[in-house]
>>> print(open('upload.pdb').read())   # PDB, C-alpha atoms and all ligand atoms
ATOM      1  CA  MET A   1       7.043 -20.107 -23.058
ATOM      2  CA  THR A   2       7.046 -19.826 -19.262
ATOM      3  CA  ALA A   3       4.200 -21.853 -17.749
ATOM      4  CA  SER A   4       3.411 -19.433 -14.950
ATOM      5  CA  VAL A   5       4.897 -16.438 -13.159
ATOM      6  CA  THR A   6       4.400 -15.490  -9.503
ATOM      7  CA  VAL A   7       5.078 -11.987  -8.183
ATOM      8  CA  ALA A   8       5.297 -10.934  -4.528
ATOM      9  CA  ALA A   9       3.538  -7.572  -4.132
ATOM     10  CA  PRO A  10       4.142  -5.692  -0.863
ATOM     11  CA  ALA A  11       1.773  -3.639   1.292
ATOM     12  CA  LYS A  12       2.350   0.109   1.514
ATOM     13  CA  ILE A  13       2.283   2.399   4.480
ATOM     14  CA  ASN A  14       2.503   6.194   4.543
ATOM     15  CA  LEU A  15       5.068   7.641   6.947
ATOM     16  CA  GLN A  16       3.653  11.054   6.079
ATOM     17  CA  LEU A  17       0.301  11.562   4.395
ATOM     18  CA  GLY A  18      -0.232  15.269   3.780
ATOM     19  CA  VAL A  19      -3.569  15.986   2.093
ATOM     20  CA  GLY A  20      -4.592  19.192   0.331
ATOM     21  CA  ALA A  21      -7.838  20.432  -1.105
ATOM     22  CA  ALA A  22      -9.957  18.414  -3.523
ATOM     23  CA  ARG A  23      -8.913  19.167  -7.123
ATOM     24  CA  ALA A  24     -11.213  19.776 -10.086
ATOM     25  CA  ASP A  25     -10.878  16.069 -11.030
ATOM     26  CA  GLY A  26     -12.073  15.000  -7.552
ATOM     27  CA  TYR A  27      -8.671  13.776  -6.388
ATOM     28  CA  HIS A  28      -6.801  15.460  -3.555
ATOM     29  CA  SER A  29      -3.297  16.805  -3.941
ATOM     30  CA  LEU A  30      -0.944  14.810  -1.732
ATOM     31  CA  ALA A  31       2.502  15.186  -0.231
ATOM     32  CA  THR A  32       3.311  11.724   1.000
ATOM     33  CA  VAL A  33       6.209   9.512   1.985
ATOM     34  CA  TYR A  34       5.496   5.886   1.175
ATOM     35  CA  GLN A  35       7.262   2.816   2.508
ATOM     36  CA  ALA A  36       6.809  -0.781   1.325
ATOM     37  CA  ILE A  37       6.719  -3.344   4.136
ATOM     38  CA  GLY A  38       7.234  -7.094   4.250
ATOM     39  CA  LEU A  39       3.613  -8.161   4.071
ATOM     40  CA  TYR A  40       2.831  -9.581   0.636
ATOM     41  CA  ASP A  41       0.041 -10.618  -1.677
ATOM     42  CA  GLU A  42       1.093 -13.106  -4.352
ATOM     43  CA  VAL A  43      -0.072 -12.687  -7.935
ATOM     44  CA  THR A  44       0.322 -15.705 -10.242
ATOM     45  CA  VAL A  45      -0.460 -15.615 -13.960
ATOM     46  CA  ALA A  46      -0.464 -18.326 -16.620
ATOM     47  CA  CYS A  47      -1.443 -18.265 -20.293
ATOM     48  CA  ALA A  48      -5.011 -19.457 -20.823
ATOM     49  CA  GLU A  49      -7.785 -19.618 -23.428
ATOM     50  CA  GLU A  50     -10.038 -17.388 -21.325
ATOM     51  CA  THR A  51      -9.201 -14.756 -18.706
ATOM     52  CA  THR A  52     -10.106 -15.930 -15.208
ATOM     53  CA  LEU A  53      -9.373 -14.757 -11.672
ATOM     54  CA  GLU A  54      -9.388 -16.639  -8.412
ATOM     55  CA  VAL A  55      -8.774 -14.860  -5.112
ATOM     56  CA  VAL A  56      -7.470 -17.067  -2.321
ATOM     57  CA  SER A  57      -7.541 -15.938   1.299
ATOM     58  CA  ASP A  58      -4.416 -16.301   3.380
ATOM     59  CA  GLY A  59      -5.739 -15.008   6.701
ATOM     60  CA  VAL A  60      -7.828 -12.041   5.505
ATOM     61  CA  ASP A  61     -11.473 -11.654   4.515
ATOM     62  CA  VAL A  62     -11.595 -11.594   0.698
ATOM     63  CA  SER A  63     -15.379 -11.534   0.307
ATOM     64  CA  ASP A  64     -15.321  -7.916  -0.952
ATOM     65  CA  VAL A  65     -12.658  -8.476  -3.625
ATOM     66  CA  PRO A  66     -14.279  -8.444  -7.095
ATOM     67  CA  THR A  67     -13.407 -11.418  -9.295
ATOM     68  CA  ASP A  68     -14.854  -9.973 -12.497
ATOM     69  CA  SER A  69     -13.259  -7.604 -15.017
ATOM     70  CA  SER A  70     -13.611  -4.687 -12.566
ATOM     71  CA  ASN A  71     -10.765  -6.146 -10.461
ATOM     72  CA  LEU A  72      -7.832  -3.719 -10.711
ATOM     73  CA  ALA A  73      -5.296  -6.527 -11.260
ATOM     74  CA  LEU A  74      -7.270  -7.882 -14.227
ATOM     75  CA  ARG A  75      -7.591  -4.327 -15.552
ATOM     76  CA  ALA A  76      -3.801  -4.023 -15.243
ATOM     77  CA  ALA A  77      -3.326  -7.197 -17.323
ATOM     78  CA  ALA A  78      -5.785  -5.937 -19.948
ATOM     79  CA  LEU A  79      -4.116  -2.505 -20.088
ATOM     80  CA  LEU A  80      -0.647  -4.014 -20.568
ATOM     81  CA  ALA A  81      -1.974  -6.383 -23.265
ATOM     82  CA  SER A  82      -3.650  -3.570 -25.171
ATOM     83  CA  ARG A  83      -0.515  -1.366 -25.001
ATOM     84  CA  ALA A  84       1.575  -4.305 -26.213
ATOM     85  CA  GLY A  85      -0.917  -4.887 -29.034
ATOM     86  CA  ASN A  86      -1.737  -8.459 -28.050
ATOM     87  CA  ASP A  87      -5.010 -10.005 -26.951
ATOM     88  CA  ALA A  88      -3.402 -12.469 -24.549
ATOM     89  CA  ARG A  89      -5.636 -14.016 -21.897
ATOM     90  CA  VAL A  90      -4.437 -15.064 -18.476
ATOM     91  CA  ALA A  91      -5.528 -17.309 -15.656
ATOM     92  CA  MET A  92      -4.739 -15.146 -12.632
ATOM     93  CA  SER A  93      -4.640 -16.184  -9.011
ATOM     94  CA  ILE A  94      -4.172 -13.734  -6.128
ATOM     95  CA  ARG A  95      -3.245 -15.040  -2.695
ATOM     96  CA  LYS A  96      -4.213 -12.288  -0.275
ATOM     97  CA  ARG A  97      -2.474 -11.542   3.007
ATOM     98  CA  ILE A  98      -2.855  -7.736   2.914
ATOM     99  CA  PRO A  99      -6.114  -6.633   4.576
ATOM    100  CA  VAL A 100      -8.792  -5.716   2.028
ATOM    101  CA  ALA A 101      -9.922  -2.051   2.231
ATOM    102  CA  GLY A 102      -7.384  -1.691   5.036
ATOM    103  CA  GLY A 103      -5.536   1.429   3.902
ATOM    104  CA  MET A 104      -2.448  -0.515   2.796
ATOM    105  CA  ALA A 105      -2.910  -0.364  -1.002
ATOM    106  CA  GLY A 106      -3.749  -4.079  -1.314
ATOM    107  CA  GLY A 107      -5.688  -3.597  -4.559
ATOM    108  CA  SER A 108      -3.050  -1.256  -5.999
ATOM    109  CA  THR A 109      -0.179  -3.603  -5.197
ATOM    110  CA  ASP A 110      -2.058  -6.511  -6.816
ATOM    111  CA  ALA A 111      -2.331  -4.340  -9.943
ATOM    112  CA  ALA A 112       1.407  -3.569  -9.780
ATOM    113  CA  GLY A 113       2.023  -7.304  -9.312
ATOM    114  CA  ALA A 114      -0.163  -8.123 -12.326
ATOM    115  CA  LEU A 115       1.788  -5.658 -14.510
ATOM    116  CA  VAL A 116       5.123  -7.179 -13.491
ATOM    117  CA  ALA A 117       3.839 -10.776 -13.772
ATOM    118  CA  CYS A 118       2.236 -10.330 -17.218
ATOM    119  CA  ASP A 119       5.258  -8.407 -18.487
ATOM    120  CA  ALA A 120       7.438 -11.398 -17.559
ATOM    121  CA  LEU A 121       4.922 -14.010 -18.803
ATOM    122  CA  TRP A 122       4.649 -12.333 -22.196
ATOM    123  CA  GLY A 123       8.373 -11.508 -22.411
ATOM    124  CA  LEU A 124       7.654  -7.837 -23.086
ATOM    125  CA  GLN A 125      10.526  -6.246 -21.150
ATOM    126  CA  THR A 126       8.517  -3.056 -20.749
ATOM    127  CA  SER A 127      10.718  -0.210 -19.504
ATOM    128  CA  ARG A 128      10.353   0.863 -15.897
ATOM    129  CA  GLU A 129       9.217   4.297 -17.072
ATOM    130  CA  ASP A 130       6.396   2.806 -19.178
ATOM    131  CA  LEU A 131       5.321   0.508 -16.333
ATOM    132  CA  LEU A 132       5.148   3.511 -13.985
ATOM    133  CA  SER A 133       2.985   5.439 -16.416
ATOM    134  CA  LEU A 134       0.648   2.444 -16.929
ATOM    135  CA  GLY A 135       0.510   2.160 -13.139
ATOM    136  CA  ALA A 136      -0.505   5.805 -12.795
ATOM    137  CA  GLU A 137      -3.441   5.184 -15.164
ATOM    138  CA  LEU A 138      -4.650   2.384 -12.906
ATOM    139  CA  GLY A 139      -4.469   4.112  -9.513
ATOM    140  CA  SER A 140      -2.652   6.728  -7.470
ATOM    141  CA  ASP A 141      -0.655   4.192  -5.402
ATOM    142  CA  VAL A 142       0.250   1.777  -8.214
ATOM    143  CA  PRO A 143       3.499   3.525  -9.325
ATOM    144  CA  PHE A 144       4.775   3.374  -5.740
ATOM    145  CA  CYS A 145       3.858  -0.310  -5.471
ATOM    146  CA  LEU A 146       6.053  -0.970  -8.524
ATOM    147  CA  LEU A 147       9.016   0.840  -6.965
ATOM    148  CA  GLY A 148       8.776  -0.177  -3.307
ATOM    149  CA  GLY A 149      11.411   1.011  -0.850
ATOM    150  CA  THR A 150      10.873   4.494   0.605
ATOM    151  CA  VAL A 151       9.513   6.995  -1.892
ATOM    152  CA  THR A 152       7.986  10.455  -1.989
ATOM    153  CA  GLY A 153       4.644  10.893  -3.739
ATOM    154  CA  THR A 154       3.162  14.147  -5.018
ATOM    155  CA  GLY A 155       0.377  15.053  -7.440
ATOM    156  CA  ARG A 156      -2.412  12.656  -6.437
ATOM    157  CA  GLY A 157       0.326  10.315  -5.127
ATOM    158  CA  GLU A 158       1.341   8.984  -8.544
ATOM    159  CA  VAL A 159       4.384  11.271  -9.081
ATOM    160  CA  VAL A 160       7.055   9.205  -7.350
ATOM    161  CA  ALA A 161      10.709   9.781  -6.488
ATOM    162  CA  GLU A 162      12.971   7.478  -4.506
ATOM    163  CA  ALA A 163      14.007   8.789  -1.071
ATOM    164  CA  ALA A 164      17.264   7.998   0.734
ATOM    165  CA  ASP A 165      16.584   5.628   3.630
ATOM    166  CA  THR A 166      19.355   3.859   5.541
ATOM    167  CA  GLY A 167      17.118   2.562   8.325
ATOM    168  CA  GLU A 168      15.340  -0.679   9.139
ATOM    169  CA  TYR A 169      11.941  -0.225  10.767
ATOM    170  CA  TRP A 170       9.893  -2.800  12.658
ATOM    171  CA  TRP A 171       6.169  -2.259  12.337
ATOM    172  CA  VAL A 172       3.286  -3.917  14.088
ATOM    173  CA  VAL A 173       0.309  -3.923  11.763
ATOM    174  CA  ALA A 174      -2.882  -4.026  13.836
ATOM    175  CA  LEU A 175      -5.991  -5.275  12.057
ATOM    176  CA  PRO A 176      -9.088  -4.026  13.881
ATOM    177  CA  GLY A 177     -11.434  -5.772  11.406
ATOM    178  CA  GLY A 178     -13.880  -4.290   8.923
ATOM    179  CA  GLY A 179     -12.888  -1.939   6.145
ATOM    180  CA  LEU A 180     -13.019   1.773   5.384
ATOM    181  CA  SER A 181     -13.788   3.130   1.932
ATOM    182  CA  THR A 182     -10.939   5.383   0.747
ATOM    183  CA  PRO A 183     -13.322   7.845  -1.022
ATOM    184  CA  ALA A 184     -15.452   8.011   2.146
ATOM    185  CA  VAL A 185     -12.418   8.904   4.274
ATOM    186  CA  PHE A 186     -11.330  11.608   1.800
ATOM    187  CA  GLY A 187     -14.941  12.901   1.891
ATOM    188  CA  GLU A 188     -14.814  13.076   5.674
ATOM    189  CA  PHE A 189     -11.471  14.919   5.389
ATOM    190  CA  ASP A 190     -13.224  17.544   3.189
ATOM    191  CA  ARG A 191     -16.096  17.838   5.658
ATOM    192  CA  LEU A 192     -13.818  18.259   8.687
ATOM    193  CA  SER A 193     -11.296  20.611   7.082
ATOM    194  CA  GLY A 194     -13.695  23.194   5.682
ATOM    195  CA  ALA A 195     -12.891  25.680   2.906
ATOM    196  CA  GLU A 196      -9.248  26.674   3.486
ATOM    197  CA  VAL A 197      -6.894  23.712   3.085
ATOM    198  CA  PRO A 198      -3.199  24.552   2.673
ATOM    199  CA  GLU A 199      -1.112  22.795   0.001
ATOM    200  CA  PRO A 200       0.698  19.925   1.727
ATOM    201  CA  GLU A 201       4.493  19.743   1.656
ATOM    202  CA  ILE A 202       6.820  16.809   2.150
ATOM    203  CA  SER A 203       8.528  17.052   5.535
ATOM    204  CA  ARG A 204      12.225  17.852   5.090
ATOM    205  CA  ALA A 205      12.838  16.748   8.689
ATOM    206  CA  LEU A 206      11.317  13.323   7.963
ATOM    207  CA  LEU A 207      13.476  12.886   4.835
ATOM    208  CA  ASP A 208      16.574  13.779   6.868
ATOM    209  CA  ALA A 209      15.647  11.300   9.626
ATOM    210  CA  LEU A 210      15.102   8.549   7.024
ATOM    211  CA  SER A 211      18.380   9.347   5.335
ATOM    212  CA  ALA A 212      20.109   9.073   8.732
ATOM    213  CA  GLY A 213      18.184   5.852   9.466
ATOM    214  CA  SER A 214      17.082   7.093  12.876
ATOM    215  CA  THR A 215      14.027   5.130  14.016
ATOM    216  CA  LEU A 216      13.562   7.398  17.046
ATOM    217  CA  GLU A 217      13.497  10.566  14.947
ATOM    218  CA  VAL A 218      11.246   8.976  12.327
ATOM    219  CA  ALA A 219       8.847   7.974  15.121
ATOM    220  CA  GLY A 220       8.488  11.606  16.174
ATOM    221  CA  LEU A 221       7.798  12.788  12.615
ATOM    222  CA  LEU A 222       5.115  10.321  11.455
ATOM    223  CA  SER A 223       1.929  12.097  10.394
ATOM    224  CA  ASN A 224      -1.320  11.273   8.649
ATOM    225  CA  ASP A 225      -3.900  13.895   7.658
ATOM    226  CA  LEU A 226      -6.433  11.099   7.081
ATOM    227  CA  GLU A 227      -6.162   9.927  10.682
ATOM    228  CA  ALA A 228      -8.737  12.395  12.061
ATOM    229  CA  PRO A 229     -11.333  11.580   9.362
ATOM    230  CA  ALA A 230     -10.691   7.828   9.767
ATOM    231  CA  LEU A 231     -11.166   8.170  13.550
ATOM    232  CA  SER A 232     -14.304  10.209  12.952
ATOM    233  CA  LEU A 233     -15.774   7.334  10.898
ATOM    234  CA  ARG A 234     -14.316   4.602  13.146
ATOM    235  CA  PRO A 235     -13.992   5.961  16.725
ATOM    236  CA  ASP A 236     -13.070   2.437  17.916
ATOM    237  CA  LEU A 237      -9.630   2.854  16.286
ATOM    238  CA  ALA A 238      -8.597   5.257  19.055
ATOM    239  CA  ASP A 239      -8.579   2.289  21.461
ATOM    240  CA  VAL A 240      -6.266   0.312  19.164
ATOM    241  CA  LEU A 241      -3.846   3.254  18.974
ATOM    242  CA  ALA A 242      -3.952   3.673  22.766
ATOM    243  CA  GLN A 243      -3.306  -0.052  23.275
ATOM    244  CA  GLY A 244      -0.336   0.104  20.910
ATOM    245  CA  ARG A 245       1.139   3.084  22.755
ATOM    246  CA  ALA A 246       0.570   1.439  26.139
ATOM    247  CA  ALA A 247       2.319  -1.693  24.872
ATOM    248  CA  GLY A 248       5.576   0.232  24.414
ATOM    249  CA  ALA A 249       5.336   1.685  20.902
ATOM    250  CA  LEU A 250       7.591   4.518  19.754
ATOM    251  CA  ALA A 251       4.571   5.792  17.806
ATOM    252  CA  ALA A 252       1.142   4.612  16.680
ATOM    253  CA  MET A 253      -1.039   5.922  13.882
ATOM    254  CA  VAL A 254      -3.753   4.996  11.421
ATOM    255  CA  SER A 255      -2.349   3.533   8.190
ATOM    256  CA  GLY A 256      -3.386   5.562   5.120
ATOM    257  CA  SER A 257      -7.193   5.763   5.053
ATOM    258  CA  GLY A 258      -7.447   3.037   7.741
ATOM    259  CA  PRO A 259      -8.746   1.070   9.497
ATOM    260  CA  THR A 260      -5.406  -0.740   9.747
ATOM    261  CA  CYS A 261      -3.250   0.848  12.466
ATOM    262  CA  LEU A 262       0.530   0.985  12.549
ATOM    263  CA  VAL A 263       2.701   0.745  15.596
ATOM    264  CA  LEU A 264       6.420   1.473  15.300
ATOM    265  CA  ALA A 265       8.687  -0.577  17.566
ATOM    266  CA  ALA A 266      12.339   0.019  18.449
ATOM    267  CA  ASP A 267      13.445  -3.360  17.050
ATOM    268  CA  GLU A 268      12.183  -6.812  16.064
ATOM    269  CA  PRO A 269      11.873  -8.250  19.613
ATOM    270  CA  GLY A 270       9.991  -5.077  20.617
ATOM    271  CA  ALA A 271       7.595  -5.529  17.704
ATOM    272  CA  VAL A 272       6.954  -9.170  18.636
ATOM    273  CA  ARG A 273       6.242  -8.107  22.245
ATOM    274  CA  ILE A 274       3.769  -5.420  21.157
ATOM    275  CA  ARG A 275       2.053  -7.830  18.745
ATOM    276  CA  ASP A 276       1.603 -10.342  21.573
ATOM    277  CA  VAL A 277       0.227  -7.678  23.961
ATOM    278  CA  LEU A 278      -2.280  -6.584  21.288
ATOM    279  CA  ALA A 279      -3.241 -10.203  20.589
ATOM    280  CA  ARG A 280      -3.952 -10.784  24.296
ATOM    281  CA  ALA A 281      -6.197  -7.690  24.191
ATOM    282  CA  GLY A 282      -8.099  -9.255  21.287
ATOM    283  CA  VAL A 283      -6.553  -7.201  18.442
ATOM    284  CA  SER A 284      -5.025  -9.363  15.747
ATOM    285  CA  ALA A 285      -1.692  -7.983  14.615
ATOM    286  CA  LEU A 286       1.383  -8.993  12.677
ATOM    287  CA  VAL A 287       5.004  -7.902  12.457
ATOM    288  CA  ALA A 288       6.507  -6.545   9.230
ATOM    289  CA  ARG A 289       9.851  -4.929   8.392
ATOM    290  CA  GLY A 290      10.329  -2.013   6.059
ATOM    291  CA  PRO A 291      11.527  -0.912   3.627
ATOM    292  CA  VAL A 292      11.349  -3.786   1.127
ATOM    293  CA  PRO A 293      11.487  -3.749  -2.706
ATOM    294  CA  GLY A 294       8.375  -3.292  -4.852
ATOM    295  CA  ALA A 295       6.477  -5.960  -6.793
ATOM    296  CA  GLN A 296       8.933  -8.552  -8.101
ATOM    297  CA  VAL A 297       8.995 -11.975  -9.684
ATOM    298  CA  VAL A 298       9.615 -14.748  -7.168
ATOM    299  CA  THR A 299       9.324 -17.789  -9.447
ATOM    300  CA  PRO A 300      12.442 -18.728 -11.389
ATOM    301  CA  LEU A 301      12.029 -17.700 -15.030
TER     302      LEU A 301
HETATM  303  O1  LIG B   1      -6.341   6.492  -7.325
HETATM  304  P1  LIG B   1      -7.240   5.503  -6.673
HETATM  305  O2  LIG B   1      -8.249   4.921  -7.639
HETATM  306  O3  LIG B   1      -6.542   4.442  -5.894
HETATM  307  O4  LIG B   1      -8.084   6.342  -5.605
HETATM  308  C1  LIG B   1      -9.231   5.799  -4.994
HETATM  309  C2  LIG B   1     -10.112   6.938  -4.505
HETATM  310  O5  LIG B   1      -9.481   7.619  -3.412
HETATM  311  C3  LIG B   1     -10.379   8.019  -5.529
HETATM  312  O6  LIG B   1     -11.507   7.708  -6.308
HETATM  313  C4  LIG B   1     -10.635   9.239  -4.663
HETATM  314  O7  LIG B   1     -11.947   9.221  -4.144
HETATM  315  C5  LIG B   1      -9.705   9.017  -3.489
HETATM  316  N1  LIG B   1      -8.414   9.699  -3.670
HETATM  317  C6  LIG B   1      -8.348  11.086  -3.556
HETATM  318  N2  LIG B   1      -7.148  11.724  -3.733
HETATM  319  C7  LIG B   1      -6.023  11.017  -3.977
HETATM  320  C8  LIG B   1      -6.057   9.613  -4.100
HETATM  321  C9  LIG B   1      -7.274   8.974  -3.940
HETATM  322  O8  LIG B   1      -9.357  11.735  -3.301
HETATM  323  N3  LIG B   1      -4.866  11.670  -4.130
END
>>> encode(input="upload.pdb", output="structure tokens", more="lines below")
Ligand code: C5P
Amino acid sequence: MTASVTVAAPAKINLQLGVGAARADGYHSLATVYQAIGLYDEVTVACAEETTLEVVSDGVDVSDVPTDSSNLALRAAALLASRAGNDARVAMSIRKRIPVAGGMAGGSTDAAGALVACDALWGLQTSREDLLSLGAELGSDVPFCLLGGTVTGTGRGEVVAEAADTGEYWWVVALPGGGLSTPAVFGEFDRLSGAEVPEPEISRALLDALSAGSTLEVAGLLSNDLEAPALSLRPDLADVLAQGRAAGALAAMVSGSGPTCLVLAADEPGAVRIRDVLARAGVSALVARGPVPGAQVVTPL
């Protein structure tokens, strides 16, 4: 049996995040375009007598990550075990580089990573379709985190379909510090938008620009309906966006529910320049390329 398996699990960004009204189940209907970017958590699992979890920081504050059975990655392992009819225990270790509560699906991608890692560790060869449906039970973003690349999401975000994307995009991920609760940002969206909220639709123009691989066109079509509520809860983010734009960005916006902000650069040297300008202004930032594949095993099997 394999001693341990490590999976690289990428961060997600939303190139479009269209939000509709709250549904009867409390979730909001979404029309979103996801992209996975080259900023990774690492999930390692090994067979063990008892299930344990350690969370190791690699440059981000991990003090709010639960290490008990409420952790989504441990729940993913337990869900896969119960569906496979085994009671296997794992020693899990998560090395975190994706900001916690940063609007980049860090918890969801760890869960996707745990599904892929445990599937390999236990030799289950679960079909992609079954993994996606287990992912959807765990969280709205988990199916996307399994797929990676550039993907449309509808329903509450869990109904995924791959999108054509011939481009390479250089993102500066600005980390203003602190976190924002996703439910709180959706709540603020409800408060700000009032009674009549139209059903969101995926932007055909954005899909065409992605298919053509045109960074300039994509820059003009980025949109996030959670940006206004995130800015309402964290007005300081407006300064980060302004600094990104002043530093030569093609576009700047809040990532998902924030507070992480995204700055799109024309190319890699441009992204490095913008990151350095932000760093001199006291905003820590890193450079990541998209799209990249979803959660995948990186240890040799
Ligand atoms: O699906 P997930 O557990 O990741 O969602 C976290 C929270 O974000 C939900 O409990 C809900 O408050 C909010 N959410 C939402 N509509 C969505 C996705 C998430 O309101 N489509």
>>> resolve_selection(input="upload.pdb", expression="the PyMOL selection byres (((not hetatm)) within 7 of (chain B and resi 1))", output="list in words")
Ala22, Gly26, Tyr27, His28, Ser29, Leu30, Ser108, Leu138, Gly139, Ser140, Asp141, Arg156, Gly157, Thr182, Pro183 and Phe186 of chain A
>>> write_last_selection(input="upload.pdb", atoms="C-alpha atoms", output="short mmCIF file (atom, residue, chain, number, x, y, z; two decimals), keeping the file's coordinate frame")
data_model
loop_
_atom_site.label_atom_id
_atom_site.label_comp_id
_atom_site.auth_asym_id
_atom_site.auth_seq_id
_atom_site.Cartn_x
_atom_site.Cartn_y
_atom_site.Cartn_z
CA ALA A 22 -9.96 18.41 -3.52
CA GLY A 26 -12.07 15.00 -7.55
CA TYR A 27 -8.67 13.78 -6.39
CA HIS A 28 -6.80 15.46 -3.56
CA SER A 29 -3.30 16.80 -3.94
CA LEU A 30 -0.94 14.81 -1.73
CA SER A 108 -3.05 -1.26 -6.00
CA LEU A 138 -4.65 2.38 -12.91
CA GLY A 139 -4.47 4.11 -9.51
CA SER A 140 -2.65 6.73 -7.47
CA ASP A 141 -0.66 4.19 -5.40
CA ARG A 156 -2.41 12.66 -6.44
CA GLY A 157 0.33 10.32 -5.13
CA THR A 182 -10.94 5.38 0.75
CA PRO A 183 -13.32 7.84 -1.02
CA PHE A 186 -11.33 11.61 1.80
#
>>> closest_residue(input="upload.pdb", among="A:Ile37, A:Leu278, A:Cys261, A:Ala9", to="Pro291 of chain A", atoms="all atoms listed in the file")
A:Ile37
>>> resolve_selection(input="upload.pdb", expression="the PyMOL selection byres (((chain A and resi 210-215) around 8) and not hetatm)", output="list in words")
Ala163, Ala164, Asp165, Thr166, Gly167, Glu168, Tyr169, Leu206, Leu207, Asp208, Ala209, Leu216, Glu217, Val218, Ala219 and Ala266 of chain A
>>> write_last_selection(input="upload.pdb", atoms="C-alpha atoms", output="compact mmCIF listing (two decimals), in the frame of the given file")
# COMPACT_ATOMS: atom_id res chain seq x y z
CA ALA A 163 14.01 8.79 -1.07
CA ALA A 164 17.26 8.00 0.73
CA ASP A 165 16.58 5.63 3.63
CA THR A 166 19.36 3.86 5.54
CA GLY A 167 17.12 2.56 8.32
CA GLU A 168 15.34 -0.68 9.14
CA TYR A 169 11.94 -0.22 10.77
CA LEU A 206 11.32 13.32 7.96
CA LEU A 207 13.48 12.89 4.84
CA ASP A 208 16.57 13.78 6.87
CA ALA A 209 15.65 11.30 9.63
CA LEU A 216 13.56 7.40 17.05
CA GLU A 217 13.50 10.57 14.95
CA VAL A 218 11.25 8.98 12.33
CA ALA A 219 8.85 7.97 15.12
CA ALA A 266 12.34 0.02 18.45
>>> resolve_selection(input="upload.pdb", expression="the PyMOL selection byres (((chain A and resi 91) around 7) and not hetatm)", output="PyMOL selection string")
chain A and resi 45-48+51-53+90+92-93
>>> closest_residue(input="upload.pdb", among="A:Gly248, A:Gly85, A:Gly148, A:Gly178", to="Val292 of chain A", atoms="all atoms listed in the file")
A:Gly148
>>> closest_residue(input="upload.pdb", among="A:Ala76, A:Leu17, A:Val100, A:Ala249", to="Gly113 of chain A", atoms="all atoms listed in the file")
A:Ala76
>>> closest_residue(input="upload.pdb", among="A:Val5, A:Leu241, A:Glu201, A:Ala105", to="Leu121 of chain A", atoms="all atoms listed in the file")
A:Val5
>>> atom_distance(input="upload.pdb", atom1="atom CA of Gly256 of chain A", atom2="atom CA of Gly187 of chain A")
14.1 Å
>>> atom_distance(input="upload.pdb", atom1="atom CA of Pro259 of chain A", atom2="atom CA of Tyr40 of chain A")
18.1 Å
>>> closest_residue(input="upload.pdb", among="A:Asp225, A:Asp276, A:Glu268, A:Glu188", to="Leu15 of chain A", atoms="only C-alpha atoms")
A:Asp225
>>> closest_residue(input="upload.pdb", among="A:Leu262, A:Ala21, A:Val173, A:Val43", to="Thr6 of chain A", atoms="all atoms listed in the file")
A:Val43
>>> atom_distance(input="upload.pdb", atom1="atom CA of Ile274 of chain A", atom2="atom CA of Val254 of chain A")
16.1 Å
>>> residues_near_point(input="upload.pdb", point="(-1.7, 14.4, 2.7)", cutoff="7 Å", atoms="only C-alpha atoms", output="PyMOL selection string")
chain A and resi 17-20+30-32+200+224-225
>>> axis_aligned_box(input="upload.pdb", around="segment 5-9 of chain A", padding_each_side="4 Å", output="lines of an AutoDock Vina configuration file")
center_x = 4.4
center_y = -12.0
center_z = -8.6
size_x = 9.8
size_y = 16.9
size_z = 17.0
>>> residues_around(input="upload.pdb", residues="Arg234 of chain A", least_positions_apart="4", cutoff="9 Å", atoms="only C-alpha atoms", output="ChimeraX atom specification")
/A:180,229-230,238,258-259
>>> residues_around(input="upload.pdb", residues="Gly107 of chain A", least_positions_apart="4", cutoff="10 Å", atoms="only C-alpha atoms", output="JSON, numbers by chain")
{"A": [11, 41, 65, 71, 72, 73, 96, 98, 99, 100, 101, 102, 103, 111, 112, 113, 139, 141, 142]}
